[in-house]
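Coordinates from run.txt are shown below (compact mmCIF, C-alpha atoms (C1' of nucleotides)).
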```
# COMPACT_ATOMS: atom_id res chain seq x y z
CA MET A 1 29.46 12.70 -6.14
CA THR A 2 28.78 9.15 -4.98
CA ARG A 3 25.13 10.02 -5.06
CA ARG A 4 25.23 10.59 -8.80
CA ARG A 5 27.27 7.52 -9.54
CA GLN A 6 24.81 5.19 -7.83
CA LEU A 7 21.68 6.90 -9.11
CA ARG A 8 20.52 3.86 -11.05
CA TYR A 9 20.52 1.72 -7.94
CA GLU A 10 18.27 4.18 -6.22
CA VAL A 11 15.66 4.52 -8.92
CA GLY A 12 13.10 2.49 -6.95
CA GLN A 13 13.80 4.41 -3.78
CA ILE A 14 13.53 7.74 -5.57
CA LEU A 15 10.17 6.81 -7.04
CA MET A 16 8.81 5.55 -3.73
CA LEU A 17 9.95 8.65 -1.86
CA MET A 18 8.67 11.00 -4.56
CA THR A 19 5.27 9.37 -4.47
CA ARG A 20 5.13 9.90 -0.72
CA ASP A 21 6.47 13.43 -1.09
CA PHE A 22 3.70 14.34 -3.50
CA GLN A 23 0.98 12.77 -1.38
CA GLN A 24 2.18 14.61 1.69
CA ARG A 25 2.33 17.95 -0.06
CA LEU A 26 -1.10 17.43 -1.57
CA ASP A 27 -2.66 16.25 1.69
CA ALA A 28 -1.12 19.18 3.51
CA ASP A 29 -2.64 21.64 1.06
CA LEU A 30 -6.02 19.92 1.05
CA ALA A 31 -6.07 19.77 4.85
CA ALA A 32 -5.13 23.45 5.03
CA ARG A 33 -8.31 24.17 3.09
CA GLY A 34 -10.41 21.87 5.24
CA VAL A 35 -10.70 18.92 2.88
CA ARG A 36 -10.37 15.58 4.60
CA GLY A 37 -11.23 11.92 4.25
CA VAL A 38 -10.30 11.53 0.61
CA GLY A 39 -7.22 9.35 0.19
CA ALA A 40 -4.78 8.86 -2.65
CA ARG A 41 -6.70 5.92 -4.03
CA HIS A 42 -9.81 8.03 -4.54
CA ARG A 43 -8.10 10.62 -6.67
CA SER A 44 -7.60 8.49 -9.76
CA VAL A 45 -11.37 8.26 -10.04
CA PHE A 46 -11.70 12.01 -10.16
CA LEU A 47 -8.94 12.41 -12.72
CA PHE A 48 -10.60 9.99 -15.09
CA LEU A 49 -14.18 11.01 -14.38
CA GLY A 50 -13.25 14.66 -14.74
CA ARG A 51 -12.07 14.08 -18.30
CA ASN A 52 -14.42 11.38 -19.50
CA GLY A 53 -17.70 11.89 -17.62
CA ALA A 54 -19.97 9.05 -16.49
CA SER A 55 -18.06 5.79 -16.70
CA ARG A 56 -18.25 2.17 -15.69
CA ALA A 57 -16.19 0.84 -12.82
CA VAL A 58 -14.30 -1.51 -15.11
CA ASP A 59 -13.08 1.36 -17.23
CA LEU A 60 -12.03 3.35 -14.19
CA ALA A 61 -10.13 0.31 -12.96
CA GLN A 62 -8.33 -0.10 -16.24
CA ALA A 63 -7.37 3.56 -16.31
CA ALA A 64 -6.02 3.41 -12.77
CA ARG A 65 -4.36 0.04 -13.47
CA ILE A 66 -5.95 -1.69 -10.53
CA ARG A 67 -8.36 -4.64 -10.29
CA PRO A 68 -12.06 -3.99 -10.83
CA GLN A 69 -12.75 -5.27 -7.30
CA SER A 70 -10.39 -2.69 -5.85
CA MET A 71 -12.01 0.06 -7.88
CA MET A 72 -15.47 -1.04 -6.73
CA LYS A 73 -14.40 -0.56 -3.15
CA ILE A 74 -13.16 2.95 -3.90
CA VAL A 75 -16.36 3.84 -5.74
CA HIS A 76 -18.50 2.54 -2.87
CA GLU A 77 -16.53 4.70 -0.46
CA LEU A 78 -16.95 7.77 -2.64
CA GLU A 79 -20.65 6.99 -2.92
CA ALA A 80 -20.92 6.75 0.86
CA MET A 81 -19.21 10.15 1.09
CA GLY A 82 -21.75 11.52 -1.35
CA LEU A 83 -19.17 12.49 -3.97
CA VAL A 84 -20.35 10.18 -6.74
CA GLU A 85 -23.59 8.43 -7.62
CA ARG A 86 -24.36 5.42 -9.76
CA HIS A 87 -27.15 4.87 -12.23
CA PRO A 88 -27.93 1.81 -14.32
CA ASP A 89 -26.33 1.90 -17.74
CA PRO A 90 -29.17 2.04 -20.30
CA ALA A 91 -26.95 0.26 -22.82
CA ASP A 92 -25.97 -2.66 -20.56
CA SER A 93 -28.11 -3.83 -17.70
CA ARG A 94 -25.12 -5.46 -15.99
CA ALA A 95 -23.29 -2.17 -15.75
CA LYS A 96 -23.74 0.99 -13.73
CA LEU A 97 -22.56 4.42 -14.75
CA ILE A 98 -20.62 6.37 -12.16
CA ASP A 99 -20.87 10.15 -12.15
CA PHE A 100 -20.19 13.13 -9.89
CA THR A 101 -22.69 14.56 -7.51
CA GLU A 102 -22.71 18.30 -6.87
CA GLY A 103 -20.40 17.66 -3.93
CA GLY A 104 -18.12 15.66 -6.17
CA ARG A 105 -17.83 18.53 -8.62
CA ALA A 106 -17.01 20.87 -5.75
CA PHE A 107 -14.37 18.47 -4.55
CA ILE A 108 -12.67 18.18 -7.91
CA ASP A 109 -12.20 21.95 -7.86
CA GLU A 110 -10.44 21.73 -4.50
CA LEU A 111 -8.35 18.88 -5.82
CA SER A 112 -7.34 20.82 -8.92
CA GLN A 113 -6.30 23.80 -6.85
CA SER A 114 -4.20 21.72 -4.49
CA THR A 115 -2.58 19.84 -7.35
CA GLU A 116 -1.77 23.16 -8.94
CA THR A 117 -0.21 24.32 -5.68
CA VAL A 118 2.06 21.28 -5.47
CA TRP A 119 2.95 21.63 -9.11
CA ARG A 120 4.05 25.21 -8.52
CA GLN A 121 6.23 24.02 -5.65
CA TYR A 122 7.93 21.53 -7.94
CA ALA A 123 8.19 24.03 -10.78
CA ALA A 124 9.80 26.48 -8.36
CA ILE A 125 12.55 23.96 -7.65
CA LEU A 126 13.24 22.64 -11.13
CA GLY A 127 11.83 25.37 -13.31
CA GLU A 128 8.58 24.94 -15.21
CA ARG A 129 10.22 23.63 -18.38
CA VAL A 130 12.35 21.00 -16.67
CA ALA A 131 9.47 19.95 -14.42
CA VAL A 132 7.23 19.37 -17.44
CA GLN A 133 9.99 17.47 -19.16
CA THR A 134 10.67 15.28 -16.14
CA PHE A 135 7.10 14.12 -15.69
CA ASP A 136 6.62 13.84 -19.40
CA ASN A 137 9.57 11.44 -19.48
CA LEU A 138 7.99 9.32 -16.75
CA ASN A 139 4.78 9.31 -18.75
CA GLN A 140 6.73 8.01 -21.70
CA LEU A 141 8.07 5.14 -19.60
CA LEU A 142 4.52 4.28 -18.59
CA ALA A 143 3.28 4.48 -22.15
CA ALA A 144 6.08 2.18 -23.30
CA GLY A 145 4.98 -0.36 -20.70
CA ASP A 146 1.41 -0.12 -22.00
CA ALA A 147 2.48 -0.70 -25.55
CA LYS A 148 4.34 -3.84 -24.54
CA ARG A 149 1.29 -5.20 -22.75
CA ASP A 150 -1.00 -4.83 -25.78
CA MET B 1 -2.58 16.42 -27.02
CA THR B 2 -4.99 16.68 -24.09
CA ARG B 3 -2.65 14.37 -22.23
CA ARG B 4 0.12 16.92 -22.34
CA ARG B 5 -2.06 19.82 -21.33
CA GLN B 6 -3.26 18.11 -18.15
CA LEU B 7 0.08 16.64 -17.19
CA ARG B 8 0.30 18.61 -13.97
CA TYR B 9 -2.96 17.18 -12.72
CA GLU B 10 -1.62 13.70 -13.21
CA VAL B 11 1.67 14.11 -11.43
CA GLY B 12 0.53 12.06 -8.43
CA GLN B 13 -0.89 9.35 -10.64
CA ILE B 14 2.27 9.21 -12.73
CA LEU B 15 4.44 8.82 -9.65
CA MET B 16 2.20 6.11 -8.17
CA LEU B 17 2.11 4.16 -11.41
CA MET B 18 5.84 4.52 -12.02
CA THR B 19 6.59 3.22 -8.53
CA ARG B 20 4.44 0.17 -9.24
CA ASP B 21 5.98 -0.21 -12.69
CA PHE B 22 9.47 -0.31 -11.25
CA GLN B 23 8.56 -2.75 -8.49
CA GLN B 24 6.92 -5.08 -10.97
CA ARG B 25 9.87 -5.01 -13.35
CA LEU B 26 12.31 -5.58 -10.52
CA ASP B 27 10.27 -8.37 -8.93
CA ALA B 28 9.91 -10.03 -12.32
CA ASP B 29 13.65 -10.02 -12.86
CA LEU B 30 14.43 -11.19 -9.33
CA ALA B 31 11.84 -13.96 -9.58
CA ALA B 32 13.28 -15.03 -12.94
CA ARG B 33 16.56 -15.60 -11.14
CA GLY B 34 14.94 -17.47 -8.27
CA VAL B 35 15.03 -14.71 -5.66
CA ARG B 36 11.86 -14.50 -3.60
CA GLY B 37 10.52 -13.28 -0.29
CA VAL B 38 12.25 -9.90 -0.27
CA GLY B 39 9.81 -7.06 -0.69
CA ALA B 40 10.18 -3.42 -1.68
CA ARG B 41 10.43 -2.29 1.93
CA HIS B 42 13.49 -4.47 2.52
CA ARG B 43 15.47 -2.96 -0.29
CA SER B 44 16.06 0.44 1.26
CA VAL B 45 18.03 -1.31 4.00
CA PHE B 46 20.37 -2.88 1.48
CA LEU B 47 20.89 0.36 -0.39
CA PHE B 48 21.94 2.19 2.74
CA LEU B 49 23.83 -0.69 4.32
CA GLY B 50 25.62 -1.33 1.04
CA ARG B 51 27.05 2.18 1.06
CA ASN B 52 27.52 2.83 4.75
CA GLY B 53 28.21 -0.55 6.38
CA ALA B 54 27.03 -1.50 9.87
CA SER B 55 24.39 0.96 11.03
CA ARG B 56 21.80 1.50 13.71
CA ALA B 57 18.12 1.01 12.98
CA VAL B 58 17.37 4.66 13.70
CA ASP B 59 19.77 5.79 11.03
CA LEU B 60 18.35 3.33 8.52
CA ALA B 61 14.88 4.62 9.32
CA GLN B 62 15.91 8.21 8.78
CA ALA B 63 17.57 7.36 5.47
CA ALA B 64 14.46 5.53 4.27
CA ARG B 65 12.21 8.27 5.70
CA ILE B 66 10.10 5.90 7.71
CA ARG B 67 9.49 5.54 11.47
CA PRO B 68 12.04 3.66 13.55
CA GLN B 69 9.34 1.16 14.54
CA SER B 70 8.65 0.38 10.90
CA MET B 71 12.34 -0.08 10.20
CA MET B 72 12.70 -2.39 13.20
CA LYS B 73 10.08 -4.66 11.75
CA ILE B 74 11.91 -4.78 8.42
CA VAL B 75 15.21 -5.51 10.12
CA HIS B 76 13.67 -8.30 12.19
CA GLU B 77 12.31 -9.86 9.03
CA LEU B 78 15.67 -9.66 7.28
CA GLU B 79 17.27 -11.16 10.38
CA ALA B 80 14.78 -14.03 10.33
CA MET B 81 15.67 -14.60 6.66
CA GLY B 82 19.33 -14.70 7.62
CA LEU B 83 20.29 -11.72 5.46
CA VAL B 84 21.43 -9.40 8.25
CA GLU B 85 22.64 -9.83 11.80
CA ARG B 86 22.75 -7.50 14.76
CA HIS B 87 25.49 -6.97 17.30
CA PRO B 88 25.57 -4.67 20.30
CA ASP B 89 27.06 -1.27 19.53
CA PRO B 90 30.26 -0.97 21.62
CA ALA B 91 29.80 2.79 21.72
CA ASP B 92 26.20 2.77 22.98
CA SER B 93 24.72 -0.10 24.94
CA ARG B 94 21.19 0.91 23.95
CA ALA B 95 21.96 0.47 20.28
CA LYS B 96 22.59 -2.49 18.04
CA LEU B 97 24.60 -2.42 14.83
CA ILE B 98 23.00 -4.05 11.82
CA ASP B 99 25.23 -5.64 9.20
CA PHE B 100 25.05 -8.11 6.32
CA THR B 101 25.55 -11.80 6.67
CA GLU B 102 27.24 -13.75 3.89
CA GLY B 103 23.78 -14.44 2.48
CA GLY B 104 22.99 -10.76 2.67
CA ARG B 105 26.05 -9.90 0.61
CA ALA B 106 25.05 -12.50 -1.95
CA PHE B 107 21.58 -11.02 -2.09
CA ILE B 108 22.77 -7.50 -2.66
CA ASP B 109 24.58 -8.75 -5.76
CA GLU B 110 21.35 -10.20 -7.13
CA LEU B 111 19.60 -6.97 -6.30
CA SER B 112 22.22 -4.89 -8.09
CA GLN B 113 21.96 -7.01 -11.19
CA SER B 114 18.18 -6.80 -11.31
CA THR B 115 18.22 -3.07 -10.71
CA GLU B 116 20.71 -2.74 -13.54
CA THR B 117 18.39 -4.76 -15.79
CA VAL B 118 15.44 -2.48 -15.08
CA TRP B 119 17.60 0.58 -15.56
CA ARG B 120 18.63 -0.66 -18.98
CA GLN B 121 14.95 -1.13 -19.85
CA TYR B 122 14.24 2.47 -18.94
CA ALA B 123 17.38 3.72 -20.65
CA ALA B 124 16.32 1.86 -23.79
CA ILE B 125 13.08 3.84 -23.84
CA LEU B 126 14.32 7.32 -22.97
CA GLY B 127 17.98 7.08 -23.82
CA GLU B 128 20.64 6.89 -21.14
CA ARG B 129 21.20 10.62 -20.94
CA VAL B 130 17.54 11.55 -20.60
CA ALA B 131 16.93 8.73 -18.12
CA VAL B 132 19.75 9.94 -15.88
CA GLN B 133 18.45 13.49 -16.15
CA THR B 134 14.91 12.47 -15.31
CA PHE B 135 15.76 10.64 -12.10
CA ASP B 136 18.33 13.23 -11.19
CA ASN B 137 15.57 15.85 -11.39
CA LEU B 138 13.39 13.79 -9.05
CA ASN B 139 16.33 13.51 -6.70
CA GLN B 140 16.59 17.27 -6.72
CA LEU B 141 12.95 17.59 -5.72
CA LEU B 142 13.59 15.22 -2.82
CA ALA B 143 16.70 17.09 -1.77
CA ALA B 144 14.77 20.36 -1.82
CA GLY B 145 12.19 18.83 0.50
CA ASP B 146 14.97 17.72 2.85
CA ALA B 147 16.49 21.16 2.92
CA LYS B 148 13.14 22.65 3.91
CA ARG B 149 12.75 20.16 6.74
CA ASP B 150 16.13 20.99 8.29
C1' DT C 1 -32.95 -21.38 -30.16
C1' DC C 2 -29.79 -23.10 -26.89
C1' DC C 3 -25.32 -23.35 -25.15
C1' DT C 4 -20.94 -21.58 -24.17
C1' DT C 5 -17.97 -18.13 -23.02
C1' DA C 6 -16.98 -13.42 -21.71
C1' DT C 7 -18.02 -9.43 -19.01
C1' DA C 8 -19.94 -6.21 -14.95
C1' DG C 9 -20.38 -6.20 -10.55
C1' DT C 10 -20.27 -8.03 -5.67
C1' DA C 11 -18.39 -10.16 -1.36
C1' DA C 12 -14.99 -12.01 1.82
C1' DG C 13 -10.67 -12.28 3.31
C1' DC C 14 -5.45 -11.64 2.67
C1' DT C 15 -1.01 -8.97 2.20
C1' DA C 16 2.41 -5.24 2.21
C1' DG C 17 4.07 -1.29 3.96
C1' DA C 18 3.46 2.18 6.32
C1' DC C 19 1.40 4.49 10.79
C1' DT C 20 0.38 5.76 16.21
C1' DG C 21 0.77 5.05 21.10
C1' DA C 22 2.78 3.10 25.06
C1' DC C 23 6.62 1.00 27.09
C1' DT C 24 11.83 -0.21 28.84
C1' DA C 25 16.67 0.72 29.11
C1' DT C 26 20.48 3.52 28.55
C1' DA C 27 22.75 8.16 27.80
C1' DA C 28 23.69 12.80 28.59
C1' DG C 29 23.30 17.22 30.44
C1' DA C 30 21.66 20.72 34.09
C1' DT D 1 21.13 13.28 41.14
C1' DC D 2 17.30 14.28 38.49
C1' DT D 3 15.40 15.20 34.07
C1' DT D 4 15.10 14.75 29.44
C1' DA D 5 16.43 12.60 25.12
C1' DT D 6 17.41 8.52 22.52
C1' DA D 7 17.50 3.26 20.90
C1' DG D 8 14.83 -0.24 20.65
C1' DT D 9 10.46 -3.09 21.46
C1' DC D 10 5.52 -4.38 21.36
C1' DA D 11 0.72 -4.12 20.10
C1' DG D 12 -2.58 -2.57 17.32
C1' DT D 13 -4.40 0.38 13.21
C1' DC D 14 -4.74 2.00 8.49
C1' DT D 15 -4.36 2.22 3.42
C1' DA D 16 -4.23 0.46 -0.91
C1' DG D 17 -3.72 -2.92 -3.20
C1' DC D 18 -4.42 -8.24 -3.99
C1' DT D 19 -6.91 -13.25 -4.78
C1' DT D 20 -10.74 -16.36 -4.91
C1' DA D 21 -15.34 -17.27 -5.56
C1' DC D 22 -19.80 -15.98 -6.80
C1' DT D 23 -24.25 -13.92 -9.55
C1' DA D 24 -26.32 -11.74 -13.48
C1' DT D 25 -26.33 -10.28 -18.02
C1' DA D 26 -24.44 -10.21 -22.91
C1' DA D 27 -22.88 -11.98 -27.13
C1' DG D 28 -21.70 -15.20 -30.51
C1' DG D 29 -21.83 -19.69 -32.63
C1' DA D 30 -23.69 -24.77 -33.32
```

Please go through the file and, once you have read it, give me the structure as structure tokens.
Amino acid sequence: MTRRRQLRYEVGQILMLMTRDFQQRLDADLAARGVRGVGARHRSVFLFLGRNGASRAVDLAQAARIRPQSMMKIVHELEAMGLVERHPDPADSRAKLIDFTEGGRAFIDELSQSTETVWRQYAAILGERVAVQTFDNLNQLLAAGDAKRD
Amino acid sequence: MTRRRQLRYEVGQILMLMTRDFQQRLDADLAARGVRGVGARHRSVFLFLGRNGASRAVDLAQAARIRPQSMMKIVHELEAMGLVERHPDPADSRAKLIDFTEGGRAFIDELSQSTETVWRQYAAILGERVAVQTFDNLNQLLAAGDAKRD
DNA sequence: TCCTTATAGTAAGCTAGACTGACTATAAGA
DNA sequence: TCTTATAGTCAGTCTAGCTTACTATAAGGA
């Protein structure tokens, strides 16, 4: 079992490949249902917006752990696709609140379904309980990193 | 615990962020020891070459799950840095065998140490046993994907 | 009140790490 | 021998981040 013995040296590789694996599975399922043109970078917006409603770009950026400038670009793209719209923030005239359009809400349904599909594929391999545990552990590693940064 | 309930919808995000987290930790540790100029894409070569010795670019590409053309570029860069060298394959005059230079062998030691450092950071958060289990589970997901492709 | 500093957003251009498509040279099999 | 497959090369594209530099508004203190 040389594979097992050297596991720790492959951690980076495993993470990189798993990220690609997920993206490919998700894209495949989305494409199969006719959804196109929305890349990986766009999805973090929908995750956050789906839970928190209208938000400022800065907050989206922080949630996705990317620079505000990068998030702006993503938001502009989504706006051009007609999936989100922006309105001035009544509480801060510098800021703009980003929210779904009708099309955006339709898209997030597609996204949820495809994510669910991929999840079931993973759960079929590891078992639901182990799959939950695995990704929960990764979440813990991320949370620990956050705590250190504060 | 809304976070827990929606875990499955965040799987892609978790993987993307964990990949970045690992790269950042590794780069930080490498930089702290004065190693620079070797990016994430270069490391897969060292992992494979470290275990299997002199190899052809095609095989490296397959192991890293990228296109041969992409791997060629990486190899050329490593060659320019003096970390690997290429010799004609006696068994196939189309092919060239890629192997470490002295500098390459020195680098892989640095890389191992830094990877070990990051691993200990993760193990400190989750515990060694759970950490091994977590990445072993991800490995299983990858292996399952391989099996399907064959 | 004015002045300083911080924050929200914008714009331009760079970098890393993959990709596709088109090509040459050698190998291998019908 | 002729055809097809394989190893490598070259040129250009794409994605998802980044940095640097800027404007406009907000907020807090002298």

Polymer residues at most 12 Å from (-23.1, -6.0, -26.3) by all atoms listed in the file, as a PDB file with C-alpha atoms (C1' of nucleotides), in the coordinates of the input:
```
ATOM      1  CA  PRO A  90     -29.170   2.040 -20.300  1.00  0.00           C
ATOM      2  CA  ALA A  91     -26.950   0.260 -22.820  1.00  0.00           C
ATOM      3  CA  ASP A  92     -25.970  -2.660 -20.560  1.00  0.00           C
ATOM      4  CA  SER A  93     -28.110  -3.830 -17.700  1.00  0.00           C
ATOM      5  CA  ARG A  94     -25.120  -5.460 -15.990  1.00  0.00           C
ATOM      6  CA  ALA A  95     -23.290  -2.170 -15.750  1.00  0.00           C
TER       7      ALA A  95
ATOM      8  C1'  DA C   6     -16.980 -13.420 -21.710  1.00  0.00           C
ATOM      9  C1'  DT C   7     -18.020  -9.430 -19.010  1.00  0.00           C
ATOM     10  C1'  DA C   8     -19.940  -6.210 -14.950  1.00  0.00           C
TER      11       DA C   8
ATOM     12  C1'  DT D  25     -26.330 -10.280 -18.020  1.00  0.00           C
ATOM     13  C1'  DA D  26     -24.440 -10.210 -22.910  1.00  0.00           C
ATOM     14  C1'  DA D  27     -22.880 -11.980 -27.130  1.00  0.00           C
ATOM     15  C1'  DG D  28     -21.700 -15.200 -30.510  1.00  0.00           C
TER      16       DG D  28
END
```

Residues of chain B within 12 Å of chain D, counting all atoms listed in the file, what are they? List them as a compact mmCIF listing (two decimals) with C-alpha atoms, in the frame of the given file.
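Generated file (iface10.txt):
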```txt
# COMPACT_ATOMS: atom_id res chain seq x y z
CA MET B 16 2.20 6.11 -8.17
CA ARG B 20 4.44 0.17 -9.24
CA ARG B 56 21.80 1.50 13.71
CA ALA B 57 18.12 1.01 12.98
CA VAL B 58 17.37 4.66 13.70
CA ASP B 59 19.77 5.79 11.03
CA ALA B 61 14.88 4.62 9.32
CA PRO B 68 12.04 3.66 13.55
CA GLN B 69 9.34 1.16 14.54
CA SER B 70 8.65 0.38 10.90
CA MET B 71 12.34 -0.08 10.20
CA MET B 72 12.70 -2.39 13.20
CA LYS B 73 10.08 -4.66 11.75
CA VAL B 75 15.21 -5.51 10.12
CA HIS B 76 13.67 -8.30 12.19
CA PRO B 88 25.57 -4.67 20.30
CA ASP B 89 27.06 -1.27 19.53
CA ASP B 92 26.20 2.77 22.98
CA SER B 93 24.72 -0.10 24.94
CA ARG B 94 21.19 0.91 23.95
CA ALA B 95 21.96 0.47 20.28
CA LYS B 96 22.59 -2.49 18.04
CA LEU B 97 24.60 -2.42 14.83
```

I'd like the superposed copy of chain B - fitted to chain A by least squares over all paired Cα atoms - as a short mmCIF file (atom, residue, chain, number, x, y, z; two decimals) with C-alpha atoms, keeping the file's coordinate frame.
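Saved result, selection-v2.cif, follows:
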```cif
data_model
loop_
_atom_site.label_atom_id
_atom_site.label_comp_id
_atom_site.auth_asym_id
_atom_site.auth_seq_id
_atom_site.Cartn_x
_atom_site.Cartn_y
_atom_site.Cartn_z
CA MET B 1 29.45 12.69 -6.17
CA THR B 2 28.84 9.10 -5.07
CA ARG B 3 25.16 9.93 -5.12
CA ARG B 4 25.24 10.55 -8.83
CA ARG B 5 27.24 7.46 -9.64
CA GLN B 6 24.78 5.13 -7.91
CA LEU B 7 21.65 6.85 -9.15
CA ARG B 8 20.46 3.84 -11.09
CA TYR B 9 20.48 1.67 -8.00
CA GLU B 10 18.23 4.14 -6.27
CA VAL B 11 15.61 4.49 -8.95
CA GLY B 12 13.05 2.46 -6.99
CA GLN B 13 13.76 4.36 -3.81
CA ILE B 14 13.50 7.70 -5.58
CA LEU B 15 10.14 6.79 -7.06
CA MET B 16 8.79 5.53 -3.73
CA LEU B 17 9.93 8.62 -1.88
CA MET B 18 8.67 10.99 -4.56
CA THR B 19 5.24 9.35 -4.47
CA ARG B 20 5.13 9.88 -0.71
CA ASP B 21 6.46 13.42 -1.09
CA PHE B 22 3.69 14.33 -3.48
CA GLN B 23 0.96 12.75 -1.37
CA GLN B 24 2.17 14.58 1.71
CA ARG B 25 2.32 17.94 -0.05
CA LEU B 26 -1.11 17.43 -1.55
CA ASP B 27 -2.68 16.23 1.70
CA ALA B 28 -1.13 19.17 3.53
CA ASP B 29 -2.64 21.63 1.09
CA LEU B 30 -6.04 19.93 1.06
CA ALA B 31 -6.09 19.76 4.86
CA ALA B 32 -5.15 23.45 5.05
CA ARG B 33 -8.31 24.17 3.10
CA GLY B 34 -10.44 21.89 5.26
CA VAL B 35 -10.73 18.94 2.88
CA ARG B 36 -10.40 15.59 4.61
CA GLY B 37 -11.28 11.94 4.24
CA VAL B 38 -10.31 11.56 0.59
CA GLY B 39 -7.25 9.40 0.16
CA ALA B 40 -4.78 8.91 -2.67
CA ARG B 41 -6.71 5.95 -4.06
CA HIS B 42 -9.83 8.07 -4.54
CA ARG B 43 -8.11 10.64 -6.68
CA SER B 44 -7.59 8.49 -9.75
CA VAL B 45 -11.37 8.26 -10.06
CA PHE B 46 -11.72 12.02 -10.18
CA LEU B 47 -8.95 12.41 -12.72
CA PHE B 48 -10.57 9.98 -15.11
CA LEU B 49 -14.16 10.99 -14.40
CA GLY B 50 -13.21 14.64 -14.77
CA ARG B 51 -12.02 14.05 -18.32
CA ASN B 52 -14.37 11.34 -19.51
CA GLY B 53 -17.66 11.85 -17.64
CA ALA B 54 -19.92 9.00 -16.52
CA SER B 55 -18.03 5.72 -16.71
CA ARG B 56 -18.23 2.11 -15.67
CA ALA B 57 -16.16 0.80 -12.79
CA VAL B 58 -14.27 -1.57 -15.07
CA ASP B 59 -13.07 1.27 -17.21
CA LEU B 60 -12.02 3.30 -14.18
CA ALA B 61 -10.11 0.28 -12.92
CA GLN B 62 -8.30 -0.16 -16.20
CA ALA B 63 -7.38 3.53 -16.32
CA ALA B 64 -6.02 3.40 -12.77
CA ARG B 65 -4.35 0.03 -13.46
CA ILE B 66 -5.93 -1.68 -10.51
CA ARG B 67 -8.34 -4.64 -10.24
CA PRO B 68 -12.04 -4.02 -10.77
CA GLN B 69 -12.72 -5.27 -7.23
CA SER B 70 -10.36 -2.67 -5.81
CA MET B 71 -12.00 0.07 -7.85
CA MET B 72 -15.45 -1.03 -6.70
CA LYS B 73 -14.41 -0.53 -3.12
CA ILE B 74 -13.16 2.98 -3.89
CA VAL B 75 -16.35 3.84 -5.73
CA HIS B 76 -18.50 2.56 -2.86
CA GLU B 77 -16.55 4.74 -0.47
CA LEU B 78 -16.95 7.81 -2.66
CA GLU B 79 -20.65 7.01 -2.95
CA ALA B 80 -20.94 6.79 0.84
CA MET B 81 -19.24 10.20 1.06
CA GLY B 82 -21.78 11.56 -1.40
CA LEU B 83 -19.18 12.51 -4.01
CA VAL B 84 -20.35 10.19 -6.79
CA GLU B 85 -23.57 8.42 -7.65
CA ARG B 86 -24.33 5.39 -9.76
CA HIS B 87 -27.12 4.83 -12.24
CA PRO B 88 -27.91 1.77 -14.32
CA ASP B 89 -26.28 1.83 -17.74
CA PRO B 90 -29.12 1.95 -20.31
CA ALA B 91 -26.90 0.15 -22.80
CA ASP B 92 -25.95 -2.76 -20.52
CA SER B 93 -28.09 -3.90 -17.63
CA ARG B 94 -25.11 -5.52 -15.92
CA ALA B 95 -23.27 -2.22 -15.72
CA LYS B 96 -23.71 0.93 -13.71
CA LEU B 97 -22.53 4.37 -14.75
CA ILE B 98 -20.60 6.34 -12.17
CA ASP B 99 -20.84 10.12 -12.19
CA PHE B 100 -20.17 13.10 -9.94
CA THR B 101 -22.67 14.57 -7.58
CA GLU B 102 -22.72 18.31 -6.96
CA GLY B 103 -20.42 17.70 -4.00
CA GLY B 104 -18.14 15.68 -6.22
CA ARG B 105 -17.82 18.55 -8.67
CA ALA B 106 -17.03 20.90 -5.81
CA PHE B 107 -14.39 18.50 -4.59
CA ILE B 108 -12.67 18.20 -7.92
CA ASP B 109 -12.19 21.97 -7.87
CA GLU B 110 -10.44 21.76 -4.50
CA LEU B 111 -8.35 18.91 -5.82
CA SER B 112 -7.33 20.86 -8.91
CA GLN B 113 -6.28 23.83 -6.83
CA SER B 114 -4.19 21.74 -4.47
CA THR B 115 -2.57 19.86 -7.31
CA GLU B 116 -1.75 23.19 -8.91
CA THR B 117 -0.18 24.35 -5.64
CA VAL B 118 2.07 21.30 -5.44
CA TRP B 119 2.98 21.65 -9.09
CA ARG B 120 4.08 25.22 -8.49
CA GLN B 121 6.25 24.00 -5.60
CA TYR B 122 7.97 21.53 -7.89
CA ALA B 123 8.22 24.04 -10.72
CA ALA B 124 9.84 26.49 -8.31
CA ILE B 125 12.58 23.95 -7.61
CA LEU B 126 13.28 22.64 -11.10
CA GLY B 127 11.88 25.38 -13.27
CA GLU B 128 8.65 24.96 -15.18
CA ARG B 129 10.28 23.66 -18.33
CA VAL B 130 12.39 21.02 -16.62
CA ALA B 131 9.49 19.97 -14.40
CA VAL B 132 7.24 19.41 -17.40
CA GLN B 133 10.02 17.50 -19.14
CA THR B 134 10.67 15.32 -16.12
CA PHE B 135 7.09 14.15 -15.67
CA ASP B 136 6.61 13.89 -19.39
CA ASN B 137 9.56 11.48 -19.48
CA LEU B 138 7.96 9.36 -16.75
CA ASN B 139 4.76 9.37 -18.75
CA GLN B 140 6.70 8.06 -21.70
CA LEU B 141 8.03 5.18 -19.62
CA LEU B 142 4.47 4.33 -18.61
CA ALA B 143 3.23 4.55 -22.17
CA ALA B 144 6.02 2.24 -23.30
CA GLY B 145 4.93 -0.30 -20.70
CA ASP B 146 1.35 -0.05 -21.98
CA ALA B 147 2.42 -0.61 -25.54
CA LYS B 148 4.25 -3.77 -24.52
CA ARG B 149 1.19 -5.09 -22.72
CA ASP B 150 -1.09 -4.68 -25.74
#
```

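Checking B:His87, B:Arg36, B:Arg67, B:Arg120 one by one against chain A, counting all atoms listed in the file, you find the shortest gap at B:Arg120.
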
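Here is the contact set of chain C against chain A, at 12 Å and counting all atoms listed in the file: DT7, DA8, DG9, DT10, DA11, DA12, DG17 and DA18 of chain C.
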
task = Output as a ChimeraX atom specification the set of chain A residues within 9 Å of chain B, with distances taken over all atoms listed in the file.
result = /A:4,7-23,26,40,43-44,47,64-65,111-112,115-116,119,122,125-126,130-142,144-145
